[in-house]
Amino acid sequence: MEFHIDRAKVLPKANVWEFLEGLKRRFKLIAPVKEGEKCSFKEISDVTTVELSYTRTVLPPKKYLLPYRRERFSYNPETMEFKTFNSIQEQVIFGVHSCDLHGISILDSIYLKENPDPRYLEVRKKTILIGVSCYPDEYCFCLSTGTAFPDGANWDLFLTDIGADYFVSIGSPKGDEIVLTLKNLFREIEKEDLELYKRSTRKKKEAFNRRELPDLERISQLIELEYDSPVWEEEAKKCLGCGTCTNVCPTCFCYTSVDIPDLEGKEVKRVEFVTSCQYPYYSLVAGGHYFKPTRTSRFRHRYYHKFVGYPYQIEKLGCVGCGRCSSECPAEISIVRTIKKLRGTDEKELREAVK
Amino acid sequence: MKKSLEKLLNKPLPADPFLPQKVVITDVEELAPEHKKFTFSFLEPSSCERWNHIPGQFVMLTVPKAGEIPISICSSPTRKGVIELTVRKVGRKTEVLHSLGPGSVVALRGPYGNGFPVGIMENHNVLIIAGGLGIAPLRSLIWYILDRRHLFKEVYLLYGTRNYSSVLYKDELSRLKERKDIKCLYILDRLETPEDEEWSQGREGLITDLIPEVSLEPKETYVAVCGPPIAYKFIGKELLKNGYPESQIFVSLERKMECGIGKCGHCQIGYKFACVDGPVFPLWDTKNLPEMI
């Protein structure tokens, strides 16, 4: 948490629509809109549809960085000449919450640290991230994962709601440039704004029901020590194996790739699809051997990867506490509850045991 | 944190690691039913010169119209100019590959993975244990060692497979038996024909039966193992029983892979990726990585 006063401005709420119009004039604008009960990130044609105070979208904004179906390249199967696609447009993703910004940092680490993926890097270079502050609901546990506030890592602007205005933190030269071109809409920070900003941070922390939050202290060790715990099977019994949890996760990155020839067989496209470790074929090798043969082993794998795998690979937890896997699970499996059960601190269970 | 991410985003676009290079099939040899050895060479001489690999590494091979498959390299880096891959016809993509003959153009990228730690194996005994198709990546190691024989102490090869007709590299392995600088012990699951008898000199059983017959000082020996998934547990147990240190036993593992460079996630073993952290792991890792073998 590091903000410099000289790197922040105030955007009166009355100017937000004009600000969004200004963005839309220059870039492809992506922002959350309401669809029925829920919200989702969409390309915006009418800025008044943008939802400014939502809780969570069903899918994280990663779909605009790593589309769920994406073409890697095409080739001619006779000559084996390869052709890559170039159609990446500059885009602004507006209204990203802190947890999702952290999710994008994690994807950045995975895709750019070792063997950098040039397509991801290009998309990332052409993406401007504008965050918006939020308040938790019963599924959020970003306070436990340390992702409740943006850490200044990879966003361009961050808007914190301070009542009548937004406190706008500027995180990058690109963000600064956007503020400069629309400078009529902003005003300078006053002492009161800073107080309000600090208060809003406090208010968010207080909005969490602390008793419901999971204890993530030494979580890697817990998962490793409880590898053979009966909890995995108990929870996996409820699991439908549908893969919703991984599809809605802001940090899941696994994909499968398929070569699809056209009808004449003159051109073959290599298409990558988002896949899920919850599907049996995820670990199937030629000859019919499944390395993760049971639902329990696949169920446990997701936790193992998030809390042991990511820390080993990128030195960060693979979970940002957004609560999507719990809120969207059709079997109502909760990641928080599984962790509590593993720790032996699940209140519901304790209450039943006392009865 | 901020600094390191800024650095990542400010980098220039790298060369595309997903783009394979064109290669042509120059030779196809039928080794056993359903098993063929393909020889590839690059269309561009410069790529050919640049190619270098470590025994135990693999490539991602694009089979036209069918897709990409990870295949371990069975040729030795000491013999430059060609890449050899031994492929069992086992699924849709390998079936298409098996239908291709010399002159066909395909594409590959790599080499990927860590390979066997040949550097630290130097000045030690080497015990090579191959089960079935597991001989393929180990063939690379065998020729690497034999071509630089003076760097290694005693070398043993144990090879077990189903029957004589499923023996791979028959001529090569027979000739190895004649050599004085490598001791070869072969075994078959079941002896049914006179050829079976002749090949294994009457030995019938599992590869683990051969391990007590190896007369090497275990502490001075590095072990390289590759076989079907089911075999590792038994081979590992037998090796430990015979005193080989678990940090000196290296197993090459198979997993599903879609990218080869740590992006697709399929090959995870515990917290590691088989493609970048493996596919060769010390047996010691079985304690760290659940479900490894």
# chains A, B, ... in the order shown; residues from 1 in each chain; ligands from 1

call {"tool": "residues_around", "arguments": {"residues": "Ala136 (chain B)", "least_positions_apart": "3", "cutoff": "9 Å", "atoms": "only C-alpha atoms", "output": "count of residues only"}}
result
14

call {"tool": "select_by_dssp", "arguments": {"residues": "region 13-158 of chain A", "states": "alpha helix (DSSP H)", "output": "MDAnalysis selection string"}}
result
chainID A and resid 16:26 98:112 118:125 142:145

call {"tool": "write_last_selection", "arguments": {"atoms": "N, CA and C atoms", "output": "CSV table (one decimal), in the first residue's frame"}}
result
chain,number,residue,atom,x,y,z
A,16,VAL,N,-18.1,11.0,-13.9
A,16,VAL,CA,-17.7,9.6,-14.2
A,16,VAL,C,-18.1,9.2,-15.6
A,17,TRP,N,-19.3,9.6,-16.0
A,17,TRP,CA,-19.8,9.2,-17.3
A,17,TRP,C,-19.0,9.8,-18.4
A,18,GLU,N,-18.7,11.1,-18.2
A,18,GLU,CA,-17.9,11.8,-19.2
A,18,GLU,C,-16.5,11.2,-19.3
A,19,PHE,N,-16.0,10.8,-18.1
A,19,PHE,CA,-14.7,10.1,-18.1
A,19,PHE,C,-14.7,8.8,-18.9
A,20,LEU,N,-15.8,8.0,-18.7
A,20,LEU,CA,-15.9,6.8,-19.5
A,20,LEU,C,-16.1,7.1,-21.0
A,21,GLU,N,-16.8,8.1,-21.3
A,21,GLU,CA,-17.0,8.5,-22.7
A,21,GLU,C,-15.6,8.9,-23.3
A,22,GLY,N,-14.8,9.6,-22.5
A,22,GLY,CA,-13.5,9.9,-22.9
A,22,GLY,C,-12.6,8.7,-23.2
A,23,LEU,N,-12.7,7.7,-22.4
A,23,LEU,CA,-12.0,6.4,-22.6
A,23,LEU,C,-12.5,5.7,-23.8
A,24,LYS,N,-13.8,5.7,-24.0
A,24,LYS,CA,-14.4,5.0,-25.1
A,24,LYS,C,-14.0,5.6,-26.4
A,25,ARG,N,-13.8,6.9,-26.4
A,25,ARG,CA,-13.4,7.6,-27.7
A,25,ARG,C,-12.1,7.1,-28.1
A,26,ARG,N,-11.2,6.7,-27.2
A,26,ARG,CA,-9.8,6.4,-27.6
A,26,ARG,C,-9.6,4.9,-27.6
A,98,SER,N,-9.8,-5.0,-6.6
A,98,SER,CA,-8.5,-5.3,-6.2
A,98,SER,C,-8.1,-6.8,-6.3
A,99,CYS,N,-9.0,-7.7,-6.0
A,99,CYS,CA,-8.7,-9.1,-6.0
A,99,CYS,C,-8.4,-9.5,-7.5
A,100,ASP,N,-9.1,-8.9,-8.4
A,100,ASP,CA,-8.9,-9.3,-9.8
A,100,ASP,C,-7.6,-8.7,-10.4
A,101,LEU,N,-7.2,-7.5,-9.8
A,101,LEU,CA,-5.9,-6.9,-10.2
A,101,LEU,C,-4.8,-7.8,-9.7
A,102,HIS,N,-4.9,-8.4,-8.5
A,102,HIS,CA,-4.0,-9.3,-8.0
A,102,HIS,C,-3.9,-10.6,-8.8
A,103,GLY,N,-5.2,-11.0,-9.3
A,103,GLY,CA,-5.3,-12.2,-10.1
A,103,GLY,C,-4.5,-11.9,-11.4
A,104,ILE,N,-4.6,-10.7,-12.0
A,104,ILE,CA,-3.8,-10.5,-13.2
A,104,ILE,C,-2.3,-10.4,-12.9
A,105,SER,N,-1.9,-9.9,-11.8
A,105,SER,CA,-0.4,-10.0,-11.4
A,105,SER,C,0.0,-11.5,-11.5
A,106,ILE,N,-0.8,-12.3,-11.0
A,106,ILE,CA,-0.4,-13.8,-10.9
A,106,ILE,C,-0.3,-14.3,-12.3
A,107,LEU,N,-1.3,-14.0,-13.2
A,107,LEU,CA,-1.2,-14.4,-14.6
A,107,LEU,C,0.1,-13.9,-15.2
A,108,ASP,N,0.4,-12.6,-14.9
A,108,ASP,CA,1.6,-12.0,-15.5
A,108,ASP,C,2.8,-12.8,-15.1
A,109,SER,N,2.9,-13.2,-13.8
A,109,SER,CA,4.0,-14.0,-13.4
A,109,SER,C,4.1,-15.3,-14.1
A,110,ILE,N,3.0,-16.0,-14.2
A,110,ILE,CA,3.0,-17.3,-14.9
A,110,ILE,C,3.4,-17.2,-16.4
A,111,TYR,N,2.8,-16.2,-17.0
A,111,TYR,CA,3.0,-16.1,-18.5
A,111,TYR,C,4.2,-15.3,-18.9
A,112,LEU,N,4.8,-14.5,-18.0
A,112,LEU,CA,5.9,-13.6,-18.5
A,112,LEU,C,7.2,-13.9,-17.8
A,118,PRO,N,4.7,-14.5,-26.1
A,118,PRO,CA,4.6,-13.2,-26.7
A,118,PRO,C,3.2,-12.7,-27.0
A,119,ARG,N,2.2,-13.6,-27.2
A,119,ARG,CA,0.9,-13.2,-27.4
A,119,ARG,C,0.3,-12.5,-26.1
A,120,TYR,N,0.5,-13.2,-25.0
A,120,TYR,CA,0.0,-12.6,-23.7
A,120,TYR,C,0.7,-11.3,-23.5
A,121,LEU,N,2.0,-11.2,-23.7
A,121,LEU,CA,2.7,-10.0,-23.5
A,121,LEU,C,2.2,-8.8,-24.3
A,122,GLU,N,1.8,-9.2,-25.6
A,122,GLU,CA,1.3,-8.1,-26.5
A,122,GLU,C,0.0,-7.6,-26.0
A,123,VAL,N,-0.9,-8.6,-25.6
A,123,VAL,CA,-2.2,-8.2,-25.1
A,123,VAL,C,-2.1,-7.3,-23.8
A,124,ARG,N,-1.2,-7.8,-23.0
A,124,ARG,CA,-0.9,-7.1,-21.7
A,124,ARG,C,-0.4,-5.7,-21.9
A,125,LYS,N,0.5,-5.6,-22.9
A,125,LYS,CA,1.0,-4.2,-23.2
A,125,LYS,C,-0.1,-3.3,-23.7
A,142,CYS,N,-10.8,-11.7,0.7
A,142,CYS,CA,-9.5,-11.1,0.2
A,142,CYS,C,-8.7,-10.5,1.4
A,143,LEU,N,-9.3,-10.3,2.5
A,143,LEU,CA,-8.5,-9.8,3.7
A,143,LEU,C,-7.5,-10.9,4.1
A,144,SER,N,-8.0,-12.1,4.0
A,144,SER,CA,-7.1,-13.3,4.4
A,144,SER,C,-6.0,-13.5,3.4
A,145,THR,N,-6.3,-13.3,2.1
A,145,THR,CA,-5.3,-13.6,1.1
A,145,THR,C,-4.3,-12.4,0.9

call {"tool": "residues_around", "arguments": {"residues": "Val63 (chain B)", "least_positions_apart": "3", "cutoff": "7 Å", "atoms": "only C-alpha atoms", "output": "PyMOL selection string"}}
result
chain B and resi 66-68+93+97+106

call {"tool": "write_last_selection", "arguments": {"atoms": "C-alpha atoms", "output": "PDB file, in the first residue's frame"}}
result
ATOM      1  CA  ALA B  66      -3.786 -34.087 -35.910  1.00  0.00           C
ATOM      2  CA  GLY B  67      -2.057 -31.935 -33.310  1.00  0.00           C
ATOM      3  CA  GLU B  68       0.937 -31.718 -31.057  1.00  0.00           C
ATOM      4  CA  LYS B  93      -2.205 -38.442 -33.319  1.00  0.00           C
ATOM      5  CA  LEU B  97       2.188 -40.087 -37.613  1.00  0.00           C
ATOM      6  CA  VAL B 106       6.216 -32.152 -40.109  1.00  0.00           C
TER       7      VAL B 106
END

call {"tool": "interface_residues", "arguments": {"of": "chain B", "to": "chain A", "cutoff": "9 Å", "atoms": "only C-alpha atoms", "output": "MDAnalysis selection string"}}
result
chainID B and resid 1:6 8:23 63:68 90:91 104:107 229 254:259 261:268 270:272 288 290:292

call {"tool": "closest_residue", "arguments": {"among": "A:Arg69, A:Lys126, A:Lys204, A:Lys191", "to": "Asp161 (chain A)", "atoms": "only C-alpha atoms"}}
result
A:Lys204

call {"tool": "residues_around", "arguments": {"residues": "Val248 (chain A)", "least_positions_apart": "3", "cutoff": "8 Å", "atoms": "only C-alpha atoms", "output": "MDAnalysis selection string"}}
result
chainID A and resid 58:60 244:245 324:325 328

call {"tool": "residues_around", "arguments": {"residues": "His124 (chain B)", "least_positions_apart": "4", "cutoff": "6 Å", "atoms": "only C-alpha atoms", "output": "list in words"}}
result
Phe152, Lys153, Glu220 and Thr221 of chain B

call {"tool": "residues_around", "arguments": {"residues": "Asp156 (chain A)", "least_positions_apart": "5", "cutoff": "8 Å", "atoms": "only C-alpha atoms", "output": "MDAnalysis selection string"}}
result
chainID A and resid 128:130 170:176

call {"tool": "select_by_dssp", "arguments": {"residues": "region 206-333 of chain A", "states": "strand (DSSP E)", "output": "list in words"}}
result
Tyr255, Thr256, Ser257, Val258, Asp259, Ile260, Pro261, Val268, Lys269, Arg270, Val271, Glu272, Phe273, Val274, Leu284, Val285, His289 and Tyr290 of chain A

call {"tool": "closest_residue", "arguments": {"among": "B:Lys7, B:Glu34, B:Glu122, B:Arg148", "to": "Ser76 (chain B)", "atoms": "only C-alpha atoms"}}
result
B:Arg148

call {"tool": "atom_distance", "arguments": {"atom1": "CA of Tyr156 (chain B)", "atom2": "CA of Ile269 (chain B)"}}
result
29.1 Å

call {"tool": "residues_around", "arguments": {"residues": "Ile129 (chain B)", "least_positions_apart": "4", "cutoff": "9 Å", "atoms": "only C-alpha atoms", "output": "PyMOL selection string"}}
result
chain B and resi 134-135+138+156-160+207+211+223-227+235
